[in-house]
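Listing of target.cif; format and content: mmCIF, C-alpha atoms.
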data_query
loop_
_atom_site.group_PDB
_atom_site.id
_atom_site.type_symbol
_atom_site.label_atom_id
_atom_site.label_comp_id
_atom_site.auth_asym_id
_atom_site.auth_seq_id
_atom_site.Cartn_x
_atom_site.Cartn_y
_atom_site.Cartn_z
ATOM 1 C CA MET A 1 -21.809 42.930 6.631
ATOM 2 C CA PHE A 2 -19.443 40.036 7.141
ATOM 3 C CA ILE A 3 -18.932 37.170 4.682
ATOM 4 C CA CYS A 4 -17.212 33.766 4.573
ATOM 5 C CA SER A 5 -15.573 32.119 1.548
ATOM 6 C CA TYR A 6 -18.881 30.393 0.706
ATOM 7 C CA GLU A 7 -20.636 33.778 0.729
ATOM 8 C CA CYS A 8 -22.675 33.237 3.903
ATOM 9 C CA THR A 9 -23.389 36.726 5.226
ATOM 10 C CA PHE A 10 -23.991 37.980 8.759
ATOM 11 C CA CYS A 11 -24.485 41.312 10.497
ATOM 12 C CA GLU A 12 -21.790 42.739 12.758
ATOM 13 C CA SER A 13 -23.476 41.835 16.049
ATOM 14 C CA CYS A 14 -24.076 38.206 14.996
ATOM 15 C CA THR A 15 -20.523 37.914 13.670
ATOM 16 C CA THR A 16 -19.104 39.172 16.957
ATOM 17 C CA GLU A 17 -21.300 36.762 18.899
ATOM 18 C CA MET A 18 -20.011 33.876 16.721
ATOM 19 C CA ASN A 19 -16.373 34.957 17.275
ATOM 20 C CA PHE A 20 -15.925 35.697 13.551
ATOM 21 C CA ILE A 21 -16.411 32.000 12.625
ATOM 22 C CA CYS A 22 -19.090 30.925 10.126
ATOM 23 C CA PRO A 23 -21.493 28.430 11.764
ATOM 24 C CA ASN A 24 -22.149 26.784 8.378
ATOM 25 C CA CYS A 25 -18.615 26.036 7.173
ATOM 26 C CA SER A 26 -16.353 26.995 10.116
ATOM 27 C CA GLY A 27 -14.565 29.510 7.895
ATOM 28 C CA ASP A 28 -13.434 32.981 8.880
ATOM 29 C CA LEU A 29 -15.953 35.792 8.680
ATOM 30 C CA VAL A 30 -14.434 38.963 7.248
ATOM 31 C CA ARG A 31 -15.849 42.333 6.220
ATOM 32 C CA ARG A 32 -17.479 42.192 2.823
ATOM 33 C CA PRO A 33 -15.233 44.028 0.368
ATOM 34 C CA THR A 34 -16.595 47.213 -1.148
ATOM 35 C CA ARG A 35 -16.867 47.569 -4.884
ATOM 36 C CA ILE A 36 -14.794 50.370 -6.266
ATOM 37 C CA LYS A 37 -16.414 50.382 -9.684
ATOM 38 C CA ASN A 38 -19.974 50.217 -10.920
ATOM 39 C CA PRO A 39 -20.713 46.569 -11.945
ATOM 40 C CA LEU A 40 -22.349 47.699 -15.201
ATOM 41 C CA GLU A 41 -19.261 49.675 -16.194
ATOM 42 C CA VAL A 42 -17.063 46.639 -15.508
ATOM 43 C CA ALA A 43 -19.310 44.387 -17.623
ATOM 44 C CA LYS A 44 -19.379 46.960 -20.435
ATOM 45 C CA PHE A 45 -15.570 47.109 -20.462
ATOM 46 C CA GLN A 46 -15.275 43.296 -20.457
ATOM 47 C CA ILE A 47 -17.701 42.911 -23.357
ATOM 48 C CA LYS A 48 -16.006 45.639 -25.386
ATOM 49 C CA SER A 49 -12.531 44.201 -24.855
ATOM 50 C CA LYS A 50 -13.643 40.635 -25.611
ATOM 51 C CA PHE A 51 -15.655 41.278 -28.760
ATOM 52 C CA PHE A 52 -14.399 44.557 -30.162
ATOM 53 C CA ASP A 53 -10.706 44.684 -29.249
ATOM 54 C CA GLU A 54 -8.642 44.686 -32.431
ATOM 55 C CA SER A 55 -5.288 43.720 -30.904
#
Conversion result in structure tokens:
Amino acid sequence: MFICSYECTFCESCTTEMNFICPNCSGDLVRRPTRIKNPLEVAKFQIKSKFFDES
């Protein structure tokens, strides 16, 4: 998957055909970044640190 800064997404073959330029906003199309962590674990950590951190 490829994505622009406005989160338009395209497959690899379409992106190549469009020369890596988004047809909607004329922005660059780049590979969608992979998530390293599980989104639920990230949210759990954020909630704990915001509401239960005693610093």
task: Extract, using all atoms listed in the file, all DNA, RNA and protein residues at most 8 Å from Phe2 (chain A), discarding same-chain residues fewer than 6 positions from it, and format them as a PyMOL selection string.
output: chain A and resi 9-12+15+29-32
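The coordinates place CA of Ile36 (chain A) at 26.4 Å from CA of Ile21 (chain A).
For the atom pair formed by CA of Thr34 (chain A) and CA of Met18 (chain A), the distance is 22.6 Å, given to one decimal.
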- line: A straight line from CA of Ser5 (chain A) to CA of Gly27 (chain A) spans 6.9 Å
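Nearest to Cys8 (chain A) of all the residues A:Phe52, A:Gln46, A:Asn38, A:Pro23 is A:Pro23, counting only C-alpha atoms.
Compared by their closest atoms to Ser26 (chain A), and using only C-alpha atoms, the residues A:Tyr6, A:Phe51, A:Cys14, A:Met1 rank with A:Tyr6 nearest.
Minimum atom-to-atom distances from A:Ser13, A:Ser49, A:Cys4, A:Leu40 to Asp28 (chain A) were compared using all atoms listed in the file, and the lowest value belongs to A:Cys4.
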